[in-house]
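Student: final.txt is reproduced in full below (compact mmCIF, N, CA, C and O atoms).
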```txt
# COMPACT_ATOMS: atom_id res chain seq x y z
N MET Q 216 4.38 11.02 11.59
CA MET Q 216 3.40 10.28 10.83
C MET Q 216 2.09 10.29 11.58
O MET Q 216 2.06 10.18 12.80
N VAL Q 217 1.00 10.43 10.81
CA VAL Q 217 -0.34 10.39 11.38
C VAL Q 217 -0.93 9.01 11.09
O VAL Q 217 -0.93 8.57 9.94
N VAL Q 218 -1.42 8.35 12.13
CA VAL Q 218 -2.09 7.06 11.97
C VAL Q 218 -3.52 7.23 12.48
O VAL Q 218 -3.73 7.66 13.62
N LEU Q 219 -4.48 6.91 11.61
CA LEU Q 219 -5.88 7.08 11.97
C LEU Q 219 -6.63 5.77 11.83
O LEU Q 219 -6.45 5.04 10.86
N LEU Q 220 -7.48 5.49 12.80
CA LEU Q 220 -8.43 4.39 12.70
C LEU Q 220 -9.80 5.00 12.44
O LEU Q 220 -10.29 5.78 13.25
N LEU Q 221 -10.39 4.66 11.31
CA LEU Q 221 -11.69 5.22 10.95
C LEU Q 221 -12.74 4.11 10.94
O LEU Q 221 -12.45 2.98 10.56
N PRO Q 222 -13.96 4.46 11.33
CA PRO Q 222 -15.03 3.46 11.30
C PRO Q 222 -15.42 3.14 9.86
O PRO Q 222 -15.25 3.96 8.96
N GLY Q 223 -15.93 1.95 9.65
CA GLY Q 223 -16.44 1.59 8.34
C GLY Q 223 -15.62 0.52 7.66
O GLY Q 223 -14.69 -0.04 8.22
N GLN Q 224 -16.02 0.27 6.41
CA GLN Q 224 -15.36 -0.74 5.59
C GLN Q 224 -14.92 -0.12 4.28
O GLN Q 224 -15.39 0.96 3.89
N LYS Q 225 -14.07 -0.82 3.56
CA LYS Q 225 -13.53 -0.32 2.30
C LYS Q 225 -14.67 0.02 1.33
O LYS Q 225 -15.58 -0.76 1.13
N GLY Q 226 -14.60 1.22 0.76
CA GLY Q 226 -15.59 1.67 -0.19
C GLY Q 226 -16.84 2.27 0.44
O GLY Q 226 -17.67 2.83 -0.25
N LYS Q 227 -16.96 2.17 1.75
CA LYS Q 227 -18.17 2.68 2.42
C LYS Q 227 -17.86 3.76 3.45
O LYS Q 227 -18.73 4.19 4.18
N CYS Q 228 -16.63 4.21 3.51
CA CYS Q 228 -16.22 5.22 4.49
C CYS Q 228 -16.00 6.54 3.76
O CYS Q 228 -14.95 6.75 3.15
N THR Q 229 -16.97 7.44 3.83
CA THR Q 229 -16.86 8.72 3.12
C THR Q 229 -15.79 9.62 3.74
O THR Q 229 -15.22 10.47 3.06
N LEU Q 230 -15.52 9.44 5.00
CA LEU Q 230 -14.52 10.25 5.69
C LEU Q 230 -13.11 9.95 5.19
O LEU Q 230 -12.23 10.82 5.20
N TYR Q 231 -12.87 8.73 4.72
CA TYR Q 231 -11.54 8.30 4.28
C TYR Q 231 -10.97 9.24 3.22
O TYR Q 231 -9.85 9.74 3.36
N ASP Q 232 -11.72 9.47 2.14
CA ASP Q 232 -11.22 10.32 1.05
C ASP Q 232 -10.96 11.75 1.52
O ASP Q 232 -9.95 12.35 1.14
N ASP Q 233 -11.83 12.28 2.35
CA ASP Q 233 -11.65 13.65 2.85
C ASP Q 233 -10.41 13.78 3.73
O ASP Q 233 -9.65 14.74 3.62
N VAL Q 234 -10.20 12.80 4.59
CA VAL Q 234 -9.03 12.83 5.48
C VAL Q 234 -7.74 12.71 4.67
O VAL Q 234 -6.78 13.46 4.89
N LYS Q 235 -7.70 11.78 3.71
CA LYS Q 235 -6.49 11.61 2.89
C LYS Q 235 -6.20 12.88 2.09
O LYS Q 235 -5.05 13.31 1.99
N LYS Q 236 -7.23 13.50 1.52
CA LYS Q 236 -7.04 14.73 0.75
C LYS Q 236 -6.49 15.84 1.64
O LYS Q 236 -5.56 16.55 1.26
N PHE Q 237 -7.05 15.99 2.85
CA PHE Q 237 -6.58 17.00 3.78
C PHE Q 237 -5.12 16.75 4.15
O PHE Q 237 -4.31 17.68 4.16
N LEU Q 238 -4.78 15.50 4.45
CA LEU Q 238 -3.42 15.20 4.87
C LEU Q 238 -2.42 15.28 3.72
O LEU Q 238 -1.21 15.42 3.96
N LEU Q 239 -2.87 15.21 2.49
CA LEU Q 239 -1.97 15.37 1.35
C LEU Q 239 -1.80 16.82 0.93
O LEU Q 239 -0.75 17.21 0.43
N THR Q 240 -2.83 17.65 1.14
CA THR Q 240 -2.78 19.02 0.64
C THR Q 240 -2.60 20.08 1.72
O THR Q 240 -1.76 20.95 1.60
N GLU Q 241 -3.38 20.00 2.77
CA GLU Q 241 -3.36 21.04 3.80
C GLU Q 241 -2.34 20.80 4.91
O GLU Q 241 -1.83 21.73 5.51
N PHE Q 242 -2.09 19.57 5.22
CA PHE Q 242 -1.22 19.20 6.33
C PHE Q 242 -0.31 18.07 5.87
O PHE Q 242 -0.50 16.91 6.23
N PRO Q 243 0.66 18.39 4.99
CA PRO Q 243 1.43 17.34 4.31
C PRO Q 243 2.40 16.57 5.21
O PRO Q 243 3.56 16.94 5.37
N VAL Q 244 1.88 15.53 5.80
CA VAL Q 244 2.71 14.61 6.58
C VAL Q 244 2.37 13.19 6.12
O VAL Q 244 1.27 12.95 5.62
N PRO Q 245 3.31 12.26 6.28
CA PRO Q 245 2.98 10.87 5.95
C PRO Q 245 1.79 10.41 6.80
O PRO Q 245 1.70 10.75 7.98
N SER Q 246 0.89 9.65 6.19
CA SER Q 246 -0.27 9.20 6.93
C SER Q 246 -0.62 7.76 6.58
O SER Q 246 -0.33 7.29 5.48
N GLN Q 247 -1.23 7.10 7.53
CA GLN Q 247 -1.73 5.76 7.33
C GLN Q 247 -3.12 5.71 7.93
O GLN Q 247 -3.29 5.91 9.12
N VAL Q 248 -4.10 5.48 7.07
CA VAL Q 248 -5.48 5.37 7.53
C VAL Q 248 -5.86 3.90 7.50
O VAL Q 248 -5.68 3.22 6.49
N VAL Q 249 -6.37 3.42 8.62
CA VAL Q 249 -6.78 2.02 8.74
C VAL Q 249 -8.27 2.01 9.06
O VAL Q 249 -8.72 2.68 9.98
N LEU Q 250 -9.03 1.28 8.26
CA LEU Q 250 -10.46 1.16 8.52
C LEU Q 250 -10.70 0.06 9.54
O LEU Q 250 -10.13 -1.02 9.45
N VAL Q 251 -11.54 0.36 10.52
CA VAL Q 251 -11.83 -0.59 11.59
C VAL Q 251 -12.38 -1.89 11.01
O VAL Q 251 -12.07 -2.98 11.50
N GLY Q 252 -13.15 -1.78 9.92
CA GLY Q 252 -13.69 -2.98 9.29
C GLY Q 252 -12.61 -3.93 8.79
O GLY Q 252 -12.82 -5.14 8.71
N THR Q 253 -11.45 -3.38 8.46
CA THR Q 253 -10.34 -4.20 7.97
C THR Q 253 -9.76 -5.06 9.08
O THR Q 253 -9.44 -6.23 8.87
N ILE Q 254 -9.63 -4.49 10.26
CA ILE Q 254 -9.00 -5.23 11.36
C ILE Q 254 -10.00 -5.88 12.30
O ILE Q 254 -9.63 -6.72 13.10
N ALA Q 255 -11.27 -5.51 12.20
CA ALA Q 255 -12.28 -6.05 13.12
C ALA Q 255 -12.63 -7.50 12.83
O ALA Q 255 -13.14 -8.20 13.70
N LYS Q 256 -12.37 -7.95 11.63
CA LYS Q 256 -12.70 -9.33 11.26
C LYS Q 256 -11.95 -10.33 12.13
O LYS Q 256 -12.45 -11.41 12.39
N GLY Q 257 -10.75 -9.94 12.56
CA GLY Q 257 -9.95 -10.82 13.41
C GLY Q 257 -9.24 -11.92 12.64
O GLY Q 257 -8.35 -12.56 13.15
N LYS Q 258 -9.63 -12.12 11.39
CA LYS Q 258 -9.02 -13.16 10.57
C LYS Q 258 -7.76 -12.59 9.93
O LYS Q 258 -7.77 -11.49 9.40
N ASN Q 259 -6.66 -13.33 10.01
CA ASN Q 259 -5.38 -12.91 9.43
C ASN Q 259 -4.88 -11.58 9.99
O ASN Q 259 -4.25 -10.80 9.30
N LEU Q 260 -5.17 -11.31 11.25
CA LEU Q 260 -4.81 -10.03 11.86
C LEU Q 260 -3.30 -9.78 11.82
O LEU Q 260 -2.86 -8.68 11.53
N ARG Q 261 -2.53 -10.80 12.08
CA ARG Q 261 -1.07 -10.65 12.06
C ARG Q 261 -0.58 -10.22 10.67
O ARG Q 261 0.26 -9.35 10.54
N SER Q 262 -1.13 -10.82 9.63
CA SER Q 262 -0.76 -10.47 8.26
C SER Q 262 -1.18 -9.04 7.94
O SER Q 262 -0.42 -8.29 7.31
N ILE Q 263 -2.37 -8.65 8.35
CA ILE Q 263 -2.87 -7.29 8.08
C ILE Q 263 -2.00 -6.25 8.77
O ILE Q 263 -1.59 -5.27 8.17
N VAL Q 264 -1.69 -6.48 10.04
CA VAL Q 264 -0.85 -5.54 10.79
C VAL Q 264 0.55 -5.46 10.18
O VAL Q 264 1.13 -4.38 10.06
N SER Q 265 1.08 -6.59 9.76
CA SER Q 265 2.40 -6.61 9.13
C SER Q 265 2.41 -5.77 7.86
O SER Q 265 3.34 -4.98 7.63
N LYS Q 266 1.38 -5.89 7.04
CA LYS Q 266 1.30 -5.10 5.80
C LYS Q 266 1.15 -3.61 6.09
O LYS Q 266 1.72 -2.77 5.39
N ILE Q 267 0.40 -3.28 7.12
CA ILE Q 267 0.25 -1.87 7.51
C ILE Q 267 1.59 -1.30 7.94
O ILE Q 267 1.97 -0.19 7.56
N LEU Q 268 2.35 -2.05 8.72
CA LEU Q 268 3.67 -1.59 9.17
C LEU Q 268 4.64 -1.43 8.00
O LEU Q 268 5.43 -0.48 7.97
N ILE Q 269 4.58 -2.32 7.02
CA ILE Q 269 5.43 -2.20 5.83
C ILE Q 269 5.08 -0.92 5.07
O ILE Q 269 5.96 -0.18 4.63
N GLN Q 270 3.77 -0.63 4.93
CA GLN Q 270 3.35 0.60 4.25
C GLN Q 270 3.82 1.84 5.00
O GLN Q 270 4.31 2.80 4.39
N MET Q 271 3.70 1.82 6.32
CA MET Q 271 4.13 2.96 7.12
C MET Q 271 5.64 3.17 6.98
O MET Q 271 6.11 4.31 6.83
N ASN Q 272 6.40 2.10 7.03
CA ASN Q 272 7.85 2.18 6.88
C ASN Q 272 8.23 2.79 5.54
O ASN Q 272 9.10 3.68 5.46
N ALA Q 273 7.57 2.38 4.47
CA ALA Q 273 7.86 2.92 3.13
C ALA Q 273 7.51 4.40 3.05
O ALA Q 273 8.23 5.18 2.41
N LYS Q 274 6.42 4.81 3.70
CA LYS Q 274 5.98 6.20 3.63
C LYS Q 274 6.92 7.16 4.35
O LYS Q 274 6.94 8.35 4.04
N VAL Q 275 7.71 6.66 5.30
CA VAL Q 275 8.66 7.53 5.99
C VAL Q 275 10.08 7.33 5.46
O VAL Q 275 11.04 7.76 6.07
N GLY Q 276 10.20 6.67 4.29
CA GLY Q 276 11.49 6.57 3.63
C GLY Q 276 12.22 5.26 3.79
O GLY Q 276 13.34 5.11 3.31
N GLY Q 277 11.62 4.31 4.46
CA GLY Q 277 12.26 3.01 4.63
C GLY Q 277 12.17 2.17 3.36
O GLY Q 277 11.41 2.47 2.44
N ILE Q 278 12.96 1.14 3.31
CA ILE Q 278 12.94 0.22 2.17
C ILE Q 278 12.15 -1.02 2.60
O ILE Q 278 12.59 -1.75 3.49
N PRO Q 279 10.99 -1.24 1.99
CA PRO Q 279 10.14 -2.33 2.46
C PRO Q 279 10.71 -3.72 2.19
O PRO Q 279 10.52 -4.63 2.98
N TRP Q 280 11.38 -3.92 1.07
CA TRP Q 280 11.95 -5.21 0.75
C TRP Q 280 13.31 -4.99 0.12
O TRP Q 280 13.59 -3.95 -0.44
N ALA Q 281 14.15 -6.00 0.18
CA ALA Q 281 15.47 -5.93 -0.45
C ALA Q 281 15.76 -7.26 -1.14
O ALA Q 281 15.37 -8.31 -0.66
N VAL Q 282 16.44 -7.17 -2.26
CA VAL Q 282 16.87 -8.36 -2.98
C VAL Q 282 18.37 -8.45 -2.78
O VAL Q 282 19.11 -7.51 -3.07
N ASP Q 283 18.82 -9.58 -2.26
CA ASP Q 283 20.24 -9.70 -1.92
C ASP Q 283 20.72 -11.11 -2.27
O ASP Q 283 20.00 -12.09 -2.11
N GLY Q 284 21.94 -11.19 -2.73
CA GLY Q 284 22.60 -12.48 -2.91
C GLY Q 284 22.24 -13.23 -4.18
O GLY Q 284 22.50 -14.42 -4.27
N LEU Q 285 21.64 -12.56 -5.17
CA LEU Q 285 21.36 -13.24 -6.42
C LEU Q 285 22.65 -13.32 -7.24
O LEU Q 285 23.50 -12.42 -7.17
N PRO Q 286 22.84 -14.37 -8.03
CA PRO Q 286 24.12 -14.57 -8.72
C PRO Q 286 24.49 -13.45 -9.69
O PRO Q 286 25.66 -13.20 -9.93
N PHE Q 287 23.52 -12.75 -10.28
CA PHE Q 287 23.83 -11.72 -11.26
C PHE Q 287 23.94 -10.34 -10.64
O PHE Q 287 24.04 -9.35 -11.36
N MET Q 288 23.96 -10.23 -9.33
CA MET Q 288 23.96 -8.94 -8.66
C MET Q 288 25.37 -8.37 -8.45
O MET Q 288 25.54 -7.43 -7.70
N THR Q 289 26.37 -8.90 -9.11
CA THR Q 289 27.72 -8.36 -8.97
C THR Q 289 27.87 -7.03 -9.71
O THR Q 289 28.76 -6.25 -9.42
N GLU Q 290 26.99 -6.78 -10.68
CA GLU Q 290 26.96 -5.53 -11.42
C GLU Q 290 25.68 -4.79 -11.05
O GLU Q 290 24.73 -5.39 -10.57
N PRO Q 291 25.63 -3.45 -11.25
CA PRO Q 291 24.37 -2.72 -11.01
C PRO Q 291 23.22 -3.37 -11.79
O PRO Q 291 23.34 -3.61 -12.98
N THR Q 292 22.15 -3.68 -11.08
CA THR Q 292 21.04 -4.44 -11.67
C THR Q 292 19.70 -3.82 -11.29
O THR Q 292 19.48 -3.50 -10.12
N MET Q 293 18.84 -3.64 -12.27
CA MET Q 293 17.48 -3.18 -11.99
C MET Q 293 16.57 -4.41 -11.90
O MET Q 293 16.61 -5.28 -12.75
N ILE Q 294 15.77 -4.46 -10.85
CA ILE Q 294 14.80 -5.54 -10.67
C ILE Q 294 13.43 -4.98 -11.05
O ILE Q 294 13.03 -3.92 -10.57
N CYS Q 295 12.72 -5.67 -11.94
CA CYS Q 295 11.39 -5.24 -12.39
C CYS Q 295 10.35 -6.28 -12.01
O CYS Q 295 10.64 -7.47 -11.98
N GLY Q 296 9.17 -5.80 -11.71
CA GLY Q 296 8.05 -6.69 -11.42
C GLY Q 296 6.83 -6.23 -12.19
O GLY Q 296 6.63 -5.04 -12.42
N MET Q 297 6.02 -7.18 -12.61
CA MET Q 297 4.85 -6.86 -13.41
C MET Q 297 3.70 -7.77 -13.00
O MET Q 297 3.91 -8.93 -12.65
N ASP Q 298 2.48 -7.21 -13.04
CA ASP Q 298 1.30 -8.00 -12.74
C ASP Q 298 0.15 -7.48 -13.61
O ASP Q 298 0.14 -6.32 -14.00
N VAL Q 299 -0.80 -8.35 -13.90
CA VAL Q 299 -1.97 -7.98 -14.69
C VAL Q 299 -3.21 -8.41 -13.94
O VAL Q 299 -3.28 -9.52 -13.42
N PHE Q 300 -4.18 -7.50 -13.87
CA PHE Q 300 -5.48 -7.79 -13.27
C PHE Q 300 -6.52 -7.77 -14.37
O PHE Q 300 -6.63 -6.80 -15.12
N HIS Q 301 -7.28 -8.85 -14.51
CA HIS Q 301 -8.33 -8.95 -15.51
C HIS Q 301 -9.68 -8.89 -14.80
O HIS Q 301 -9.95 -9.70 -13.92
N SER Q 302 -10.51 -7.94 -15.18
CA SER Q 302 -11.82 -7.78 -14.55
C SER Q 302 -12.93 -8.15 -15.52
O SER Q 302 -13.20 -7.43 -16.48
N THR Q 303 -13.57 -9.28 -15.27
CA THR Q 303 -14.71 -9.65 -16.10
C THR Q 303 -15.92 -8.80 -15.74
O THR Q 303 -16.80 -8.57 -16.57
N ALA Q 304 -15.96 -8.28 -14.51
CA ALA Q 304 -17.08 -7.43 -14.08
C ALA Q 304 -17.07 -6.08 -14.82
O ALA Q 304 -18.10 -5.45 -14.95
N LEU Q 305 -15.91 -5.66 -15.30
CA LEU Q 305 -15.79 -4.39 -16.02
C LEU Q 305 -15.71 -4.60 -17.53
O LEU Q 305 -15.10 -3.81 -18.24
N GLY Q 306 -16.28 -5.67 -18.00
CA GLY Q 306 -16.28 -5.91 -19.44
C GLY Q 306 -14.95 -6.39 -19.98
O GLY Q 306 -14.51 -5.94 -21.03
N LYS Q 307 -14.31 -7.27 -19.26
CA LYS Q 307 -13.03 -7.85 -19.67
C LYS Q 307 -11.91 -6.83 -19.81
O LYS Q 307 -11.01 -6.98 -20.61
N LYS Q 308 -11.97 -5.76 -19.04
CA LYS Q 308 -10.89 -4.77 -19.05
C LYS Q 308 -9.75 -5.27 -18.16
O LYS Q 308 -9.97 -5.97 -17.18
N SER Q 309 -8.55 -4.89 -18.52
CA SER Q 309 -7.37 -5.33 -17.78
C SER Q 309 -6.56 -4.12 -17.34
O SER Q 309 -6.56 -3.08 -17.99
N VAL Q 310 -5.84 -4.29 -16.24
CA VAL Q 310 -4.94 -3.25 -15.74
C VAL Q 310 -3.56 -3.90 -15.58
O VAL Q 310 -3.44 -4.96 -14.98
N LEU Q 311 -2.56 -3.23 -16.11
CA LEU Q 311 -1.19 -3.70 -16.02
C LEU Q 311 -0.45 -2.84 -15.01
O LEU Q 311 -0.55 -1.61 -15.07
N ALA Q 312 0.29 -3.45 -14.11
CA ALA Q 312 1.10 -2.71 -13.14
C ALA Q 312 2.56 -3.11 -13.34
O ALA Q 312 2.87 -4.28 -13.54
N LEU Q 313 3.44 -2.12 -13.30
CA LEU Q 313 4.87 -2.35 -13.45
C LEU Q 313 5.61 -1.58 -12.37
O LEU Q 313 5.28 -0.43 -12.09
N THR Q 314 6.57 -2.21 -11.77
CA THR Q 314 7.40 -1.53 -10.78
C THR Q 314 8.85 -1.93 -11.01
O THR Q 314 9.12 -3.00 -11.58
N ALA Q 315 9.76 -1.07 -10.60
CA ALA Q 315 11.18 -1.36 -10.80
C ALA Q 315 12.01 -0.71 -9.71
O ALA Q 315 11.62 0.32 -9.15
N SER Q 316 13.13 -1.30 -9.41
CA SER Q 316 14.05 -0.71 -8.43
C SER Q 316 14.78 0.45 -9.06
O SER Q 316 14.97 0.51 -10.28
N THR Q 317 15.17 1.42 -8.22
CA THR Q 317 15.90 2.58 -8.75
C THR Q 317 17.28 2.71 -8.13
O THR Q 317 18.07 3.53 -8.55
N ASN Q 318 17.59 1.91 -7.15
CA ASN Q 318 18.89 2.05 -6.50
C ASN Q 318 19.73 0.83 -6.76
O ASN Q 318 20.55 0.44 -6.04
```
Would you mind writing the file out in structure tokens?

Tutor:
Amino acid sequence: MVVLLLPGQKGKCTLYDDVKKFLLTEFPVPSQVVLVGTIAKGKNLRSIVSKILIQMNAKVGGIPWAVDGLPFMTEPTMICGMDVFHSTALGKKSVLALTASTN
């Protein structure tokens, strides 16, 4: 896995897109790019680092979360999650996200 710390902040680092494209097409290895602006704030650093580690674990094939011990889990069960983002800045457009377990 390649882990890179790049200067800048979200949306303002032109190198970010180029590096991710290169690592996806020319040198296909799992990668995690962290912008220095994200961790330089010092606020909630433990939470930020924890989320980065969860992403890295998932990218190398790990299971980031597990659901265990629910009463209906005696039979094969799919767990689904859904969220909606409403953007008033984009003219009241909404984005729906859906995820589900496969194992």

Student: Of the residues Q:Gly223, Q:Val217, Q:Lys308, Q:Asn259, which is the one nearest to Q:Phe237, using only C-alpha atoms?

Tutor: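 Using only C-alpha atoms, the shortest distance to Q:Phe237 belongs to Q:Val217.
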
Student: With only C-alpha atoms as the atoms that count, which of Q:Val249, Q:Leu220, Q:Met293, Q:Val275 lies nearest to Q:Ile263?

Tutor: Q:Val249

Student: Provide the atom C of Q:Ala304 to atom C of Q:Val248 distance in Å, to one decimal place.

Tutor: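 That distance, rounded to one decimal, is 26.9 Å.
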
Student: Need the shell around Q:Ile278: protein/DNA/RNA residues with any atom at most 12 Å away, counting only C-alpha atoms. Skip same-chain ones fewer than 3 positions apart. Format as a VMD selection string?

Tutor: chain Q and resid 268 to 275 281 to 282 316 to 318

Student: Take the residues from that selection and put them in a file with N, CA, C and O atoms, as a tab-separated table (two decimals), keeping the file's coordinate frame.

Tutor:
```tsv
chain	number	residue	atom	x	y	z
Q	268	LEU	N	2.35	-2.05	8.72
Q	268	LEU	CA	3.67	-1.59	9.17
Q	268	LEU	C	4.64	-1.43	8.00
Q	268	LEU	O	5.43	-0.48	7.97
Q	269	ILE	N	4.58	-2.32	7.02
Q	269	ILE	CA	5.43	-2.20	5.83
Q	269	ILE	C	5.08	-0.92	5.07
Q	269	ILE	O	5.96	-0.18	4.63
Q	270	GLN	N	3.77	-0.63	4.93
Q	270	GLN	CA	3.35	0.60	4.25
Q	270	GLN	C	3.82	1.84	5.00
Q	270	GLN	O	4.31	2.80	4.39
Q	271	MET	N	3.70	1.82	6.32
Q	271	MET	CA	4.13	2.96	7.12
Q	271	MET	C	5.64	3.17	6.98
Q	271	MET	O	6.11	4.31	6.83
Q	272	ASN	N	6.40	2.10	7.03
Q	272	ASN	CA	7.85	2.18	6.88
Q	272	ASN	C	8.23	2.79	5.54
Q	272	ASN	O	9.10	3.68	5.46
Q	273	ALA	N	7.57	2.38	4.47
Q	273	ALA	CA	7.86	2.92	3.13
Q	273	ALA	C	7.51	4.40	3.05
Q	273	ALA	O	8.23	5.18	2.41
Q	274	LYS	N	6.42	4.81	3.70
Q	274	LYS	CA	5.98	6.20	3.63
Q	274	LYS	C	6.92	7.16	4.35
Q	274	LYS	O	6.94	8.35	4.04
Q	275	VAL	N	7.71	6.66	5.30
Q	275	VAL	CA	8.66	7.53	5.99
Q	275	VAL	C	10.08	7.33	5.46
Q	275	VAL	O	11.04	7.76	6.07
Q	281	ALA	N	14.15	-6.00	0.18
Q	281	ALA	CA	15.47	-5.93	-0.45
Q	281	ALA	C	15.76	-7.26	-1.14
Q	281	ALA	O	15.37	-8.31	-0.66
Q	282	VAL	N	16.44	-7.17	-2.26
Q	282	VAL	CA	16.87	-8.36	-2.98
Q	282	VAL	C	18.37	-8.45	-2.78
Q	282	VAL	O	19.11	-7.51	-3.07
Q	316	SER	N	13.13	-1.30	-9.41
Q	316	SER	CA	14.05	-0.71	-8.43
Q	316	SER	C	14.78	0.45	-9.06
Q	316	SER	O	14.97	0.51	-10.28
Q	317	THR	N	15.17	1.42	-8.22
Q	317	THR	CA	15.90	2.58	-8.75
Q	317	THR	C	17.28	2.71	-8.13
Q	317	THR	O	18.07	3.53	-8.55
Q	318	ASN	N	17.59	1.91	-7.15
Q	318	ASN	CA	18.89	2.05	-6.50
Q	318	ASN	C	19.73	0.83	-6.76
Q	318	ASN	O	20.55	0.44	-6.04
```

Student: Just list the residues in chain Q DSSP gives alpha helix (DSSP H) on the backbone, as number ranges by chain.

Tutor: Q: 229-240, 251-255, 260-274

Student: For the residues selected in the previous step, produce a file with N, CA, C and O atoms as a compact mmCIF listing (two decimals), in the frame of the given file.

Tutor:
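The resulting out_26.txt:
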```
# COMPACT_ATOMS: atom_id res chain seq x y z
N THR Q 229 -16.97 7.44 3.83
CA THR Q 229 -16.86 8.72 3.12
C THR Q 229 -15.79 9.62 3.74
O THR Q 229 -15.22 10.47 3.06
N LEU Q 230 -15.52 9.44 5.00
CA LEU Q 230 -14.52 10.25 5.69
C LEU Q 230 -13.11 9.95 5.19
O LEU Q 230 -12.23 10.82 5.20
N TYR Q 231 -12.87 8.73 4.72
CA TYR Q 231 -11.54 8.30 4.28
C TYR Q 231 -10.97 9.24 3.22
O TYR Q 231 -9.85 9.74 3.36
N ASP Q 232 -11.72 9.47 2.14
CA ASP Q 232 -11.22 10.32 1.05
C ASP Q 232 -10.96 11.75 1.52
O ASP Q 232 -9.95 12.35 1.14
N ASP Q 233 -11.83 12.28 2.35
CA ASP Q 233 -11.65 13.65 2.85
C ASP Q 233 -10.41 13.78 3.73
O ASP Q 233 -9.65 14.74 3.62
N VAL Q 234 -10.20 12.80 4.59
CA VAL Q 234 -9.03 12.83 5.48
C VAL Q 234 -7.74 12.71 4.67
O VAL Q 234 -6.78 13.46 4.89
N LYS Q 235 -7.70 11.78 3.71
CA LYS Q 235 -6.49 11.61 2.89
C LYS Q 235 -6.20 12.88 2.09
O LYS Q 235 -5.05 13.31 1.99
N LYS Q 236 -7.23 13.50 1.52
CA LYS Q 236 -7.04 14.73 0.75
C LYS Q 236 -6.49 15.84 1.64
O LYS Q 236 -5.56 16.55 1.26
N PHE Q 237 -7.05 15.99 2.85
CA PHE Q 237 -6.58 17.00 3.78
C PHE Q 237 -5.12 16.75 4.15
O PHE Q 237 -4.31 17.68 4.16
N LEU Q 238 -4.78 15.50 4.45
CA LEU Q 238 -3.42 15.20 4.87
C LEU Q 238 -2.42 15.28 3.72
O LEU Q 238 -1.21 15.42 3.96
N LEU Q 239 -2.87 15.21 2.49
CA LEU Q 239 -1.97 15.37 1.35
C LEU Q 239 -1.80 16.82 0.93
O LEU Q 239 -0.75 17.21 0.43
N THR Q 240 -2.83 17.65 1.14
CA THR Q 240 -2.78 19.02 0.64
C THR Q 240 -2.60 20.08 1.72
O THR Q 240 -1.76 20.95 1.60
N VAL Q 251 -11.54 0.36 10.52
CA VAL Q 251 -11.83 -0.59 11.59
C VAL Q 251 -12.38 -1.89 11.01
O VAL Q 251 -12.07 -2.98 11.50
N GLY Q 252 -13.15 -1.78 9.92
CA GLY Q 252 -13.69 -2.98 9.29
C GLY Q 252 -12.61 -3.93 8.79
O GLY Q 252 -12.82 -5.14 8.71
N THR Q 253 -11.45 -3.38 8.46
CA THR Q 253 -10.34 -4.20 7.97
C THR Q 253 -9.76 -5.06 9.08
O THR Q 253 -9.44 -6.23 8.87
N ILE Q 254 -9.63 -4.49 10.26
CA ILE Q 254 -9.00 -5.23 11.36
C ILE Q 254 -10.00 -5.88 12.30
O ILE Q 254 -9.63 -6.72 13.10
N ALA Q 255 -11.27 -5.51 12.20
CA ALA Q 255 -12.28 -6.05 13.12
C ALA Q 255 -12.63 -7.50 12.83
O ALA Q 255 -13.14 -8.20 13.70
N LEU Q 260 -5.17 -11.31 11.25
CA LEU Q 260 -4.81 -10.03 11.86
C LEU Q 260 -3.30 -9.78 11.82
O LEU Q 260 -2.86 -8.68 11.53
N ARG Q 261 -2.53 -10.80 12.08
CA ARG Q 261 -1.07 -10.65 12.06
C ARG Q 261 -0.58 -10.22 10.67
O ARG Q 261 0.26 -9.35 10.54
N SER Q 262 -1.13 -10.82 9.63
CA SER Q 262 -0.76 -10.47 8.26
C SER Q 262 -1.18 -9.04 7.94
O SER Q 262 -0.42 -8.29 7.31
N ILE Q 263 -2.37 -8.65 8.35
CA ILE Q 263 -2.87 -7.29 8.08
C ILE Q 263 -2.00 -6.25 8.77
O ILE Q 263 -1.59 -5.27 8.17
N VAL Q 264 -1.69 -6.48 10.04
CA VAL Q 264 -0.85 -5.54 10.79
C VAL Q 264 0.55 -5.46 10.18
O VAL Q 264 1.13 -4.38 10.06
N SER Q 265 1.08 -6.59 9.76
CA SER Q 265 2.40 -6.61 9.13
C SER Q 265 2.41 -5.77 7.86
O SER Q 265 3.34 -4.98 7.63
N LYS Q 266 1.38 -5.89 7.04
CA LYS Q 266 1.30 -5.10 5.80
C LYS Q 266 1.15 -3.61 6.09
O LYS Q 266 1.72 -2.77 5.39
N ILE Q 267 0.40 -3.28 7.12
CA ILE Q 267 0.25 -1.87 7.51
C ILE Q 267 1.59 -1.30 7.94
O ILE Q 267 1.97 -0.19 7.56
N LEU Q 268 2.35 -2.05 8.72
CA LEU Q 268 3.67 -1.59 9.17
C LEU Q 268 4.64 -1.43 8.00
O LEU Q 268 5.43 -0.48 7.97
N ILE Q 269 4.58 -2.32 7.02
CA ILE Q 269 5.43 -2.20 5.83
C ILE Q 269 5.08 -0.92 5.07
O ILE Q 269 5.96 -0.18 4.63
N GLN Q 270 3.77 -0.63 4.93
CA GLN Q 270 3.35 0.60 4.25
C GLN Q 270 3.82 1.84 5.00
O GLN Q 270 4.31 2.80 4.39
N MET Q 271 3.70 1.82 6.32
CA MET Q 271 4.13 2.96 7.12
C MET Q 271 5.64 3.17 6.98
O MET Q 271 6.11 4.31 6.83
N ASN Q 272 6.40 2.10 7.03
CA ASN Q 272 7.85 2.18 6.88
C ASN Q 272 8.23 2.79 5.54
O ASN Q 272 9.10 3.68 5.46
N ALA Q 273 7.57 2.38 4.47
CA ALA Q 273 7.86 2.92 3.13
C ALA Q 273 7.51 4.40 3.05
O ALA Q 273 8.23 5.18 2.41
N LYS Q 274 6.42 4.81 3.70
CA LYS Q 274 5.98 6.20 3.63
C LYS Q 274 6.92 7.16 4.35
O LYS Q 274 6.94 8.35 4.04
```

Student: So how many Å separate atom N of Q:Leu311 and atom C of Q:Cys228, to one decimal?

Tutor: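 About the pair atom N of Q:Leu311 and atom C of Q:Cys228: they are 25.9 Å apart.
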
Student: So how far away is atom C of Q:Pro245 from atom O of Q:Trp280, in Å?

Tutor: 19.9 Å
